[in-house]
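Visitor: Quick one, run_6.pdb (PDB, C-alpha atoms):
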ATOM      1  CA  MET V1470     103.021 133.115 157.476  1.00  0.00           C
ATOM      2  CA  LYS V1471     102.411 129.896 155.523  1.00  0.00           C
ATOM      3  CA  VAL V1472     100.199 131.772 153.043  1.00  0.00           C
ATOM      4  CA  LEU V1473     100.798 133.063 149.526  1.00  0.00           C
ATOM      5  CA  PRO V1474      99.019 135.799 147.613  1.00  0.00           C
ATOM      6  CA  ASP V1475      96.849 134.562 144.760  1.00  0.00           C
ATOM      7  CA  SER V1476      98.119 137.398 142.590  1.00  0.00           C
ATOM      8  CA  ILE V1477     100.955 139.866 142.215  1.00  0.00           C
ATOM      9  CA  GLY V1478      98.690 142.309 140.442  1.00  0.00           C
ATOM     10  CA  SER V1479      99.450 142.950 136.820  1.00  0.00           C
ATOM     11  CA  ILE V1480     103.191 142.497 137.294  1.00  0.00           C
ATOM     12  CA  PRO V1481     104.463 140.053 134.688  1.00  0.00           C
ATOM     13  CA  VAL V1482     106.721 137.238 135.810  1.00  0.00           C
ATOM     14  CA  ASP V1483     109.641 138.045 133.527  1.00  0.00           C
ATOM     15  CA  TRP V1484     112.315 136.952 135.957  1.00  0.00           C
ATOM     16  CA  VAL V1485     115.752 135.777 134.843  1.00  0.00           C
ATOM     17  CA  PRO V1486     117.945 133.388 136.855  1.00  0.00           C
ATOM     18  CA  ILE V1487     121.039 135.241 138.040  1.00  0.00           C
ATOM     19  CA  ASP V1488     123.458 132.998 136.131  1.00  0.00           C
ATOM     20  CA  ILE V1489     121.565 133.651 132.887  1.00  0.00           C
ATOM     21  CA  ALA V1490     121.425 137.397 133.630  1.00  0.00           C
ATOM     22  CA  ALA V1491     125.183 137.475 134.253  1.00  0.00           C
ATOM     23  CA  ARG V1492     125.911 135.465 131.114  1.00  0.00           C
ATOM     24  CA  SER V1493     123.630 137.764 129.095  1.00  0.00           C
ATOM     25  CA  ILE V1494     125.390 140.877 130.360  1.00  0.00           C
ATOM     26  CA  VAL V1495     128.790 139.421 129.470  1.00  0.00           C
ATOM     27  CA  GLN V1496     127.573 138.359 126.016  1.00  0.00           C
ATOM     28  CA  ILE V1497     126.126 141.809 125.357  1.00  0.00           C
ATOM     29  CA  ALA V1498     129.162 143.674 126.708  1.00  0.00           C
ATOM     30  CA  CYS V1499     131.685 141.493 124.906  1.00  0.00           C
ATOM     31  CA  GLY V1500     129.702 140.859 121.752  1.00  0.00           C
ATOM     32  CA  LYS V1501     130.899 142.047 118.398  1.00  0.00           C
ATOM     33  CA  ARG V1502     129.200 145.315 117.570  1.00  0.00           C
ATOM     34  CA  ASN V1503     129.515 144.638 113.853  1.00  0.00           C
ATOM     35  CA  ASP V1504     127.945 141.194 114.138  1.00  0.00           C
ATOM     36  CA  ARG V1505     125.216 141.146 111.474  1.00  0.00           C
ATOM     37  CA  LEU V1506     122.804 139.573 113.978  1.00  0.00           C
ATOM     38  CA  ALA V1507     123.441 142.324 116.535  1.00  0.00           C
ATOM     39  CA  SER V1508     124.067 145.362 114.351  1.00  0.00           C
ATOM     40  CA  THR V1509     121.358 148.000 114.199  1.00  0.00           C
ATOM     41  CA  GLY V1510     123.169 150.157 111.661  1.00  0.00           C
ATOM     42  CA  SER V1511     122.612 153.163 113.909  1.00  0.00           C
ATOM     43  CA  ASN V1512     124.870 155.498 115.867  1.00  0.00           C
ATOM     44  CA  HIS V1513     122.261 155.851 118.622  1.00  0.00           C
ATOM     45  CA  ALA V1514     122.622 154.430 122.094  1.00  0.00           C
ATOM     46  CA  GLU V1515     121.239 150.929 122.438  1.00  0.00           C
ATOM     47  CA  VAL V1516     119.174 149.713 125.380  1.00  0.00           C
ATOM     48  CA  PHE V1517     119.320 146.093 126.527  1.00  0.00           C
ATOM     49  CA  HIS V1518     116.550 144.906 128.832  1.00  0.00           C
ATOM     50  CA  ILE V1519     117.680 141.815 130.720  1.00  0.00           C
ATOM     51  CA  THR V1520     114.228 140.433 131.403  1.00  0.00           C
ATOM     52  CA  ASN V1521     112.726 137.134 130.384  1.00  0.00           C
ATOM     53  CA  PRO V1522     111.314 137.470 126.865  1.00  0.00           C
ATOM     54  CA  HIS V1523     108.703 134.832 127.758  1.00  0.00           C
ATOM     55  CA  ILE V1524     106.142 136.217 130.199  1.00  0.00           C
ATOM     56  CA  SER V1525     104.696 133.855 132.795  1.00  0.00           C
ATOM     57  CA  HIS V1526     101.701 134.374 135.044  1.00  0.00           C
ATOM     58  CA  TRP V1527     101.830 134.201 138.833  1.00  0.00           C
ATOM     59  CA  GLU V1528      98.774 132.022 139.412  1.00  0.00           C
ATOM     60  CA  PRO V1529     100.163 128.661 138.164  1.00  0.00           C
ATOM     61  CA  LEU V1530     103.482 129.391 139.862  1.00  0.00           C
ATOM     62  CA  ALA V1531     101.675 130.119 143.133  1.00  0.00           C
ATOM     63  CA  GLN V1532      99.951 126.732 142.867  1.00  0.00           C
ATOM     64  CA  GLY V1533     103.334 124.995 142.509  1.00  0.00           C
ATOM     65  CA  ILE V1534     104.877 126.967 145.366  1.00  0.00           C
ATOM     66  CA  SER V1535     101.848 126.234 147.527  1.00  0.00           C
ATOM     67  CA  GLN V1536     102.238 122.505 146.975  1.00  0.00           C
ATOM     68  CA  ALA V1537     106.007 122.574 147.498  1.00  0.00           C
ATOM     69  CA  CYS V1538     105.823 124.596 150.734  1.00  0.00           C
ATOM     70  CA  SER V1539     102.451 123.492 152.095  1.00  0.00           C
ATOM     71  CA  CYS V1540     101.159 127.060 151.940  1.00  0.00           C
ATOM     72  CA  LYS V1541      97.594 128.249 151.588  1.00  0.00           C
ATOM     73  CA  ILE V1542      96.756 130.664 148.756  1.00  0.00           C
ATOM     74  CA  ILE V1543      94.683 133.697 149.743  1.00  0.00           C
ATOM     75  CA  PRO V1544      93.635 136.925 147.959  1.00  0.00           C
ATOM     76  CA  LEU V1545      96.426 139.493 147.612  1.00  0.00           C
ATOM     77  CA  LYS V1546      94.654 142.181 149.664  1.00  0.00           C
ATOM     78  CA  GLU V1547      94.020 139.683 152.467  1.00  0.00           C
ATOM     79  CA  TRP V1548      97.668 138.570 152.321  1.00  0.00           C
ATOM     80  CA  VAL V1549      98.862 142.195 152.606  1.00  0.00           C
ATOM     81  CA  GLN V1550      96.482 142.810 155.524  1.00  0.00           C
ATOM     82  CA  ASN V1551      97.725 139.640 157.275  1.00  0.00           C
ATOM     83  CA  LEU V1552     101.291 140.862 156.842  1.00  0.00           C
ATOM     84  CA  LYS V1553     100.415 144.320 158.221  1.00  0.00           C
ATOM     85  CA  ASN V1554      98.633 142.746 161.189  1.00  0.00           C
ATOM     86  CA  ARG V1555     101.542 140.467 161.947  1.00  0.00           C
ATOM     87  CA  LEU V1556     104.063 143.300 161.752  1.00  0.00           C
ATOM     88  CA  SER V1557     101.958 145.567 163.966  1.00  0.00           C
ATOM     89  CA  ASP V1558     101.652 142.938 166.705  1.00  0.00           C
ATOM     90  CA  PRO V1559     103.083 144.564 169.869  1.00  0.00           C
ATOM     91  CA  ARG V1560     104.916 141.327 170.668  1.00  0.00           C
ATOM     92  CA  MET V1561     106.806 141.531 167.358  1.00  0.00           C
ATOM     93  CA  ASP V1562     110.393 142.588 167.951  1.00  0.00           C
ATOM     94  CA  GLU V1563     113.171 143.418 165.478  1.00  0.00           C
ATOM     95  CA  TRP V1564     114.288 139.787 165.316  1.00  0.00           C
ATOM     96  CA  GLY V1565     110.746 138.628 164.635  1.00  0.00           C
ATOM     97  CA  VAL V1566     110.449 141.061 161.743  1.00  0.00           C
ATOM     98  CA  ARG V1567     113.692 139.708 160.276  1.00  0.00           C
ATOM     99  CA  GLU V1568     112.104 136.259 160.196  1.00  0.00           C
ATOM    100  CA  ILE V1569     109.416 137.540 157.800  1.00  0.00           C
ATOM    101  CA  PRO V1570     111.076 138.034 154.391  1.00  0.00           C
ATOM    102  CA  ALA V1571     108.069 139.906 152.971  1.00  0.00           C
ATOM    103  CA  ALA V1572     108.339 142.562 155.717  1.00  0.00           C
ATOM    104  CA  THR V1573     110.894 144.593 153.781  1.00  0.00           C
ATOM    105  CA  LEU V1574     108.593 144.607 150.745  1.00  0.00           C
ATOM    106  CA  LEU V1575     105.385 145.580 152.536  1.00  0.00           C
ATOM    107  CA  GLY V1576     105.238 148.986 150.825  1.00  0.00           C
ATOM    108  CA  PHE V1577     105.699 147.386 147.428  1.00  0.00           C
ATOM    109  CA  PHE V1578     103.043 144.733 148.018  1.00  0.00           C
ATOM    110  CA  SER V1579     100.629 147.334 149.418  1.00  0.00           C
ATOM    111  CA  SER V1580     101.069 149.392 146.249  1.00  0.00           C
ATOM    112  CA  VAL V1581     100.499 146.329 144.078  1.00  0.00           C
ATOM    113  CA  ALA V1582      97.344 145.435 146.001  1.00  0.00           C
ATOM    114  CA  ASP V1583      96.033 149.006 145.701  1.00  0.00           C
ATOM    115  CA  SER V1584      96.818 149.411 141.996  1.00  0.00           C
ATOM    116  CA  GLU V1585      94.263 147.120 140.402  1.00  0.00           C
ATOM    117  CA  GLY V1586      94.019 147.825 136.707  1.00  0.00           C
ATOM    118  CA  TRP V1587      97.531 149.255 136.453  1.00  0.00           C
ATOM    119  CA  VAL V1588      99.589 147.544 133.773  1.00  0.00           C
ATOM    120  CA  ARG V1589     103.363 147.735 133.467  1.00  0.00           C
ATOM    121  CA  PRO V1590     104.382 147.976 129.832  1.00  0.00           C
ATOM    122  CA  PRO V1591     106.469 144.992 128.735  1.00  0.00           C
ATOM    123  CA  ALA V1592     110.193 145.534 128.321  1.00  0.00           C
ATOM    124  CA  ASP V1593     111.399 145.216 124.740  1.00  0.00           C
ATOM    125  CA  THR V1594     114.061 142.501 124.811  1.00  0.00           C
ATOM    126  CA  THR V1595     114.782 142.561 121.066  1.00  0.00           C
ATOM    127  CA  ASN V1596     118.249 144.152 121.382  1.00  0.00           C
ATOM    128  CA  ALA V1597     119.249 141.945 124.299  1.00  0.00           C
ATOM    129  CA  GLN V1598     118.126 138.793 122.506  1.00  0.00           C
ATOM    130  CA  LYS V1599     120.074 139.772 119.380  1.00  0.00           C
ATOM    131  CA  ARG V1600     123.293 139.943 121.394  1.00  0.00           C
ATOM    132  CA  SER V1601     122.717 137.218 123.995  1.00  0.00           C
ATOM    133  CA  ALA V1602     122.345 133.544 123.145  1.00  0.00           C
ATOM    134  CA  ALA V1603     121.669 132.869 126.835  1.00  0.00           C
ATOM    135  CA  LEU V1604     118.638 135.177 126.827  1.00  0.00           C
ATOM    136  CA  ARG V1605     117.395 133.795 123.493  1.00  0.00           C
ATOM    137  CA  ALA V1606     117.529 130.253 124.913  1.00  0.00           C
ATOM    138  CA  LEU V1607     115.762 131.129 128.171  1.00  0.00           C
ATOM    139  CA  GLY V1608     112.304 129.657 128.572  1.00  0.00           C
ATOM    140  CA  PRO V1609     109.457 131.050 130.657  1.00  0.00           C
ATOM    141  CA  VAL V1610     109.554 130.849 134.440  1.00  0.00           C
ATOM    142  CA  ASP V1611     107.826 127.613 135.403  1.00  0.00           C
ATOM    143  CA  VAL V1612     107.209 125.595 138.553  1.00  0.00           C
ATOM    144  CA  SER V1613     110.471 123.638 138.203  1.00  0.00           C
ATOM    145  CA  MET V1614     112.450 126.899 138.059  1.00  0.00           C
ATOM    146  CA  MET V1615     110.526 128.173 141.103  1.00  0.00           C
ATOM    147  CA  LYS V1616     111.409 124.993 143.022  1.00  0.00           C
ATOM    148  CA  VAL V1617     115.110 125.588 142.334  1.00  0.00           C
ATOM    149  CA  TRP V1618     114.775 129.118 143.725  1.00  0.00           C
ATOM    150  CA  LEU V1619     112.835 127.840 146.726  1.00  0.00           C
ATOM    151  CA  ARG V1620     115.614 125.361 147.517  1.00  0.00           C
ATOM    152  CA  GLN V1621     118.184 128.158 147.233  1.00  0.00           C
ATOM    153  CA  TRP V1622     116.113 130.561 149.344  1.00  0.00           C
ATOM    154  CA  GLY V1623     115.644 127.778 151.893  1.00  0.00           C
ATOM    155  CA  ASP V1624     119.223 128.426 153.011  1.00  0.00           C
ATOM    156  CA  TRP V1625     117.983 131.765 154.391  1.00  0.00           C
ATOM    157  CA  ILE V1626     114.315 131.024 154.998  1.00  0.00           C
ATOM    158  CA  PRO V1627     113.866 127.695 156.821  1.00  0.00           C
ATOM    159  CA  GLU V1628     110.098 127.614 156.155  1.00  0.00           C
ATOM    160  CA  LEU V1629     110.844 127.244 152.447  1.00  0.00           C
ATOM    161  CA  ARG V1630     112.594 123.901 152.712  1.00  0.00           C
ATOM    162  CA  VAL V1631     111.421 121.973 149.663  1.00  0.00           C
TER     163      VAL V1631
END
Can you turn what I pasted into structure tokens?
Guide:
Amino acid sequence: MKVLPDSIGSIPVDWVPIDIAARSIVQIACGKRNDRLASTGSNHAEVFHITNPHISHWEPLAQGISQACSCKIIPLKEWVQNLKNRLSDPRMDEWGVREIPAATLLGFFSSVADSEGWVRPPADTTNAQKRSAALRALGPVDVSMMKVWLRQWGDWIPELRV
């Protein structure tokens, strides 16, 4: 489509690279439960949210993606409508739909576009950070991290060649 939404609603960019997520899970699962840094002193179940403790915002990332992929940034609702229009084109066949990665997420993006004002509560990463050095060391998602993902996704989505 060569366009990007200017927003992803109020969804925080708390993404974690898969290698860091995997390392965090291993560190949490294999960590010493009596480690003074990790111990809660409680017999209750512990919850470990593997999300980035440093929240980023979509807008600056969209600018970087736009420059890297030569895409135009348009309002989210317009982007969703463009996607709907493209998918409802009678000339669009099953193979054409497969060439549009966002097609499988149309319902999600429609909900995001229609839910202005909705705010997802942040995930508490305190327990996960106590037990995972990888998660503690993770910085916020930035344009350089996005460019790495774009290069990786480019193996499946030729338009994303960076």
Visitor: Could you state the separation of CA of Leu1607 (chain V) and CA of Pro1529 (chain V) in Å, given to one decimal place?
Guide: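 The value is 18.7 Å.
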Visitor: Could you please determine the separation between CA of Asn1596 (chain V) and CA of His1523 (chain V) in Å, to one decimal place?
Guide: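 About the pair CA of Asn1596 (chain V) and CA of His1523 (chain V): they are 14.8 Å apart.
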Visitor: So the first atom is CA of Leu1473 (chain V) and the second is CA of Cys1540 (chain V); what is the distance between them in Å, to one decimal place?
Guide: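 A separation of 6.5 Å between them.
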Visitor: Which residues match the PyMOL selection byres ((chain V and resi 1480-1497) around 9) in the file above, as an NGL selection string?
Guide: :V and (1476-1479 or 1498-1501 or 1517 or 1519-1527 or 1581 or 1587-1589 or 1591 or 1597-1604 or 1607 or 1609-1610 or 1614 or 1618)
Visitor: Could you please take those selected residues and save C-alpha atoms as a PDB file, in the frame of the given file?
Guide:
ATOM      1  CA  SER V1476      98.119 137.398 142.590  1.00  0.00           C
ATOM      2  CA  ILE V1477     100.955 139.866 142.215  1.00  0.00           C
ATOM      3  CA  GLY V1478      98.690 142.309 140.442  1.00  0.00           C
ATOM      4  CA  SER V1479      99.450 142.950 136.820  1.00  0.00           C
ATOM      5  CA  ALA V1498     129.162 143.674 126.708  1.00  0.00           C
ATOM      6  CA  CYS V1499     131.685 141.493 124.906  1.00  0.00           C
ATOM      7  CA  GLY V1500     129.702 140.859 121.752  1.00  0.00           C
ATOM      8  CA  LYS V1501     130.899 142.047 118.398  1.00  0.00           C
ATOM      9  CA  PHE V1517     119.320 146.093 126.527  1.00  0.00           C
ATOM     10  CA  ILE V1519     117.680 141.815 130.720  1.00  0.00           C
ATOM     11  CA  THR V1520     114.228 140.433 131.403  1.00  0.00           C
ATOM     12  CA  ASN V1521     112.726 137.134 130.384  1.00  0.00           C
ATOM     13  CA  PRO V1522     111.314 137.470 126.865  1.00  0.00           C
ATOM     14  CA  HIS V1523     108.703 134.832 127.758  1.00  0.00           C
ATOM     15  CA  ILE V1524     106.142 136.217 130.199  1.00  0.00           C
ATOM     16  CA  SER V1525     104.696 133.855 132.795  1.00  0.00           C
ATOM     17  CA  HIS V1526     101.701 134.374 135.044  1.00  0.00           C
ATOM     18  CA  TRP V1527     101.830 134.201 138.833  1.00  0.00           C
ATOM     19  CA  VAL V1581     100.499 146.329 144.078  1.00  0.00           C
ATOM     20  CA  TRP V1587      97.531 149.255 136.453  1.00  0.00           C
ATOM     21  CA  VAL V1588      99.589 147.544 133.773  1.00  0.00           C
ATOM     22  CA  ARG V1589     103.363 147.735 133.467  1.00  0.00           C
ATOM     23  CA  PRO V1591     106.469 144.992 128.735  1.00  0.00           C
ATOM     24  CA  ALA V1597     119.249 141.945 124.299  1.00  0.00           C
ATOM     25  CA  GLN V1598     118.126 138.793 122.506  1.00  0.00           C
ATOM     26  CA  LYS V1599     120.074 139.772 119.380  1.00  0.00           C
ATOM     27  CA  ARG V1600     123.293 139.943 121.394  1.00  0.00           C
ATOM     28  CA  SER V1601     122.717 137.218 123.995  1.00  0.00           C
ATOM     29  CA  ALA V1602     122.345 133.544 123.145  1.00  0.00           C
ATOM     30  CA  ALA V1603     121.669 132.869 126.835  1.00  0.00           C
ATOM     31  CA  LEU V1604     118.638 135.177 126.827  1.00  0.00           C
ATOM     32  CA  LEU V1607     115.762 131.129 128.171  1.00  0.00           C
ATOM     33  CA  PRO V1609     109.457 131.050 130.657  1.00  0.00           C
ATOM     34  CA  VAL V1610     109.554 130.849 134.440  1.00  0.00           C
ATOM     35  CA  MET V1614     112.450 126.899 138.059  1.00  0.00           C
ATOM     36  CA  TRP V1618     114.775 129.118 143.725  1.00  0.00           C
TER      37      TRP V1618
END
Visitor: Neighbours of Ile1534 (chain V) within 9 Å (all atoms listed in the file; same-chain residues fewer than 3 positions away dropped), as a count of residues only?
Guide: 12
Visitor: Where does the PyMOL selection byres ((chain V and resi 1569) around 9) land in this file, that is, which residues does it pick, as a PyMOL selection string?
Guide: chain V and resi 1470+1552+1556+1565-1568+1570-1573+1626
Visitor: Put the listed atoms of region 1534-1553 of chain V in a box along x, y and z with 3 Å added on every side and give me the centre and edge lengths in Å to one decimal, as JSON.
Guide:
{"center_x": 99.8, "center_y": 133.4, "center_z": 151.8, "size_x": 18.4, "size_y": 27.8, "size_z": 18.9}
Visitor: So that I can check the surroundings of Ser1535 (chain V), please list as number ranges by chain every protein, DNA and RNA residue that reaches within 9 Å of it, counting all atoms listed in the file and ignoring chain neighbours fewer than 6 positions away.
Guide: V: 1471-1473, 1541-1542
Visitor: Using all atoms listed in the file, which residue out of V:Glu1563, V:Asp1624, V:Asp1558, V:Asp1475 lies closest to Gln1532 (chain V)?
Guide: V:Asp1475
Visitor: Missing atoms in region 1576-1608 of chain V: can you complete it with N, CA and C atoms, as a PDB file, in the coordinates of the input?
Guide:
ATOM      1  N   GLY V1576     105.655 147.818 151.611  1.00  0.00           N
ATOM      2  CA  GLY V1576     105.238 148.986 150.825  1.00  0.00           C
ATOM      3  C   GLY V1576     104.975 148.626 149.376  1.00  0.00           C
ATOM      4  N   PHE V1577     105.863 147.826 148.814  1.00  0.00           N
ATOM      5  CA  PHE V1577     105.699 147.386 147.428  1.00  0.00           C
ATOM      6  C   PHE V1577     104.416 146.576 147.267  1.00  0.00           C
ATOM      7  N   PHE V1578     104.231 145.577 148.136  1.00  0.00           N
ATOM      8  CA  PHE V1578     103.043 144.733 148.018  1.00  0.00           C
ATOM      9  C   PHE V1578     101.762 145.516 148.277  1.00  0.00           C
ATOM     10  N   SER V1579     101.801 146.485 149.178  1.00  0.00           N
ATOM     11  CA  SER V1579     100.629 147.334 149.418  1.00  0.00           C
ATOM     12  C   SER V1579     100.277 148.116 148.160  1.00  0.00           C
ATOM     13  N   SER V1580     101.298 148.656 147.498  1.00  0.00           N
ATOM     14  CA  SER V1580     101.069 149.392 146.249  1.00  0.00           C
ATOM     15  C   SER V1580     100.483 148.491 145.177  1.00  0.00           C
ATOM     16  N   VAL V1581     101.011 147.283 145.069  1.00  0.00           N
ATOM     17  CA  VAL V1581     100.499 146.329 144.078  1.00  0.00           C
ATOM     18  C   VAL V1581      99.038 146.010 144.367  1.00  0.00           C
ATOM     19  N   ALA V1582      98.721 145.773 145.628  1.00  0.00           N
ATOM     20  CA  ALA V1582      97.344 145.435 146.001  1.00  0.00           C
ATOM     21  C   ALA V1582      96.390 146.597 145.748  1.00  0.00           C
ATOM     22  N   ASP V1583      96.881 147.826 145.885  1.00  0.00           N
ATOM     23  CA  ASP V1583      96.033 149.006 145.701  1.00  0.00           C
ATOM     24  C   ASP V1583      95.970 149.494 144.258  1.00  0.00           C
ATOM     25  N   SER V1584      96.741 148.900 143.372  1.00  0.00           N
ATOM     26  CA  SER V1584      96.818 149.411 141.996  1.00  0.00           C
ATOM     27  C   SER V1584      96.150 148.485 140.997  1.00  0.00           C
ATOM     28  N   GLU V1585      94.991 147.979 141.333  1.00  0.00           N
ATOM     29  CA  GLU V1585      94.263 147.120 140.402  1.00  0.00           C
ATOM     30  C   GLU V1585      94.016 147.879 139.106  1.00  0.00           C
ATOM     31  N   GLY V1586      94.235 147.206 138.001  1.00  0.00           N
ATOM     32  CA  GLY V1586      94.019 147.825 136.707  1.00  0.00           C
ATOM     33  C   GLY V1586      95.274 148.441 136.117  1.00  0.00           C
ATOM     34  N   TRP V1587      96.280 148.704 136.961  1.00  0.00           N
ATOM     35  CA  TRP V1587      97.531 149.255 136.453  1.00  0.00           C
ATOM     36  C   TRP V1587      98.273 148.172 135.691  1.00  0.00           C
ATOM     37  N   VAL V1588      98.846 148.515 134.570  1.00  0.00           N
ATOM     38  CA  VAL V1588      99.589 147.544 133.773  1.00  0.00           C
ATOM     39  C   VAL V1588     100.968 148.109 133.473  1.00  0.00           C
ATOM     40  N   ARG V1589     101.991 147.335 133.797  1.00  0.00           N
ATOM     41  CA  ARG V1589     103.363 147.735 133.467  1.00  0.00           C
ATOM     42  C   ARG V1589     103.622 147.375 132.016  1.00  0.00           C
ATOM     43  N   PRO V1590     104.089 148.320 131.225  1.00  0.00           N
ATOM     44  CA  PRO V1590     104.382 147.976 129.832  1.00  0.00           C
ATOM     45  C   PRO V1590     105.488 146.929 129.778  1.00  0.00           C
ATOM     46  N   PRO V1591     105.413 146.008 128.833  1.00  0.00           N
ATOM     47  CA  PRO V1591     106.469 144.992 128.735  1.00  0.00           C
ATOM     48  C   PRO V1591     107.782 145.620 128.270  1.00  0.00           C
ATOM     49  N   ALA V1592     108.871 145.072 128.748  1.00  0.00           N
ATOM     50  CA  ALA V1592     110.193 145.534 128.321  1.00  0.00           C
ATOM     51  C   ALA V1592     110.500 144.914 126.961  1.00  0.00           C
ATOM     52  N   ASP V1593     111.030 145.713 126.067  1.00  0.00           N
ATOM     53  CA  ASP V1593     111.399 145.216 124.740  1.00  0.00           C
ATOM     54  C   ASP V1593     112.773 144.553 124.846  1.00  0.00           C
ATOM     55  N   THR V1594     112.803 143.248 124.670  1.00  0.00           N
ATOM     56  CA  THR V1594     114.061 142.501 124.811  1.00  0.00           C
ATOM     57  C   THR V1594     114.727 142.210 123.463  1.00  0.00           C
ATOM     58  N   THR V1595     114.259 142.844 122.406  1.00  0.00           N
ATOM     59  CA  THR V1595     114.782 142.561 121.066  1.00  0.00           C
ATOM     60  C   THR V1595     116.294 142.748 120.999  1.00  0.00           C
ATOM     61  N   ASN V1596     116.804 143.900 121.447  1.00  0.00           N
ATOM     62  CA  ASN V1596     118.249 144.152 121.382  1.00  0.00           C
ATOM     63  C   ASN V1596     119.028 143.151 122.222  1.00  0.00           C
ATOM     64  N   ALA V1597     118.551 142.883 123.419  1.00  0.00           N
ATOM     65  CA  ALA V1597     119.249 141.945 124.299  1.00  0.00           C
ATOM     66  C   ALA V1597     119.268 140.549 123.694  1.00  0.00           C
ATOM     67  N   GLN V1598     118.166 140.127 123.113  1.00  0.00           N
ATOM     68  CA  GLN V1598     118.126 138.793 122.506  1.00  0.00           C
ATOM     69  C   GLN V1598     119.050 138.699 121.290  1.00  0.00           C
ATOM     70  N   LYS V1599     119.179 139.788 120.540  1.00  0.00           N
ATOM     71  CA  LYS V1599     120.074 139.772 119.380  1.00  0.00           C
ATOM     72  C   LYS V1599     121.511 139.508 119.804  1.00  0.00           C
ATOM     73  N   ARG V1600     121.903 140.043 120.971  1.00  0.00           N
ATOM     74  CA  ARG V1600     123.293 139.943 121.394  1.00  0.00           C
ATOM     75  C   ARG V1600     123.556 138.859 122.427  1.00  0.00           C
ATOM     76  N   SER V1601     122.510 138.210 122.941  1.00  0.00           N
ATOM     77  CA  SER V1601     122.717 137.218 123.995  1.00  0.00           C
ATOM     78  C   SER V1601     122.046 135.892 123.662  1.00  0.00           C
ATOM     79  N   ALA V1602     122.871 134.895 123.386  1.00  0.00           N
ATOM     80  CA  ALA V1602     122.345 133.544 123.145  1.00  0.00           C
ATOM     81  C   ALA V1602     121.690 132.997 124.408  1.00  0.00           C
ATOM     82  N   ALA V1603     122.232 133.355 125.564  1.00  0.00           N
ATOM     83  CA  ALA V1603     121.669 132.869 126.835  1.00  0.00           C
ATOM     84  C   ALA V1603     120.238 133.368 127.012  1.00  0.00           C
ATOM     85  N   LEU V1604     119.987 134.623 126.691  1.00  0.00           N
ATOM     86  CA  LEU V1604     118.638 135.177 126.827  1.00  0.00           C
ATOM     87  C   LEU V1604     117.703 134.596 125.768  1.00  0.00           C
ATOM     88  N   ARG V1605     118.223 134.405 124.554  1.00  0.00           N
ATOM     89  CA  ARG V1605     117.395 133.795 123.493  1.00  0.00           C
ATOM     90  C   ARG V1605     116.963 132.387 123.874  1.00  0.00           C
ATOM     91  N   ALA V1606     117.818 131.653 124.569  1.00  0.00           N
ATOM     92  CA  ALA V1606     117.529 130.253 124.913  1.00  0.00           C
ATOM     93  C   ALA V1606     116.677 130.111 126.174  1.00  0.00           C
ATOM     94  N   LEU V1607     116.498 131.191 126.911  1.00  0.00           N
ATOM     95  CA  LEU V1607     115.762 131.129 128.171  1.00  0.00           C
ATOM     96  C   LEU V1607     114.280 130.881 127.929  1.00  0.00           C
ATOM     97  N   GLY V1608     113.737 129.927 128.645  1.00  0.00           N
ATOM     98  CA  GLY V1608     112.304 129.657 128.572  1.00  0.00           C
ATOM     99  C   GLY V1608     111.560 130.449 129.630  1.00  0.00           C
TER     100      GLY V1608
END
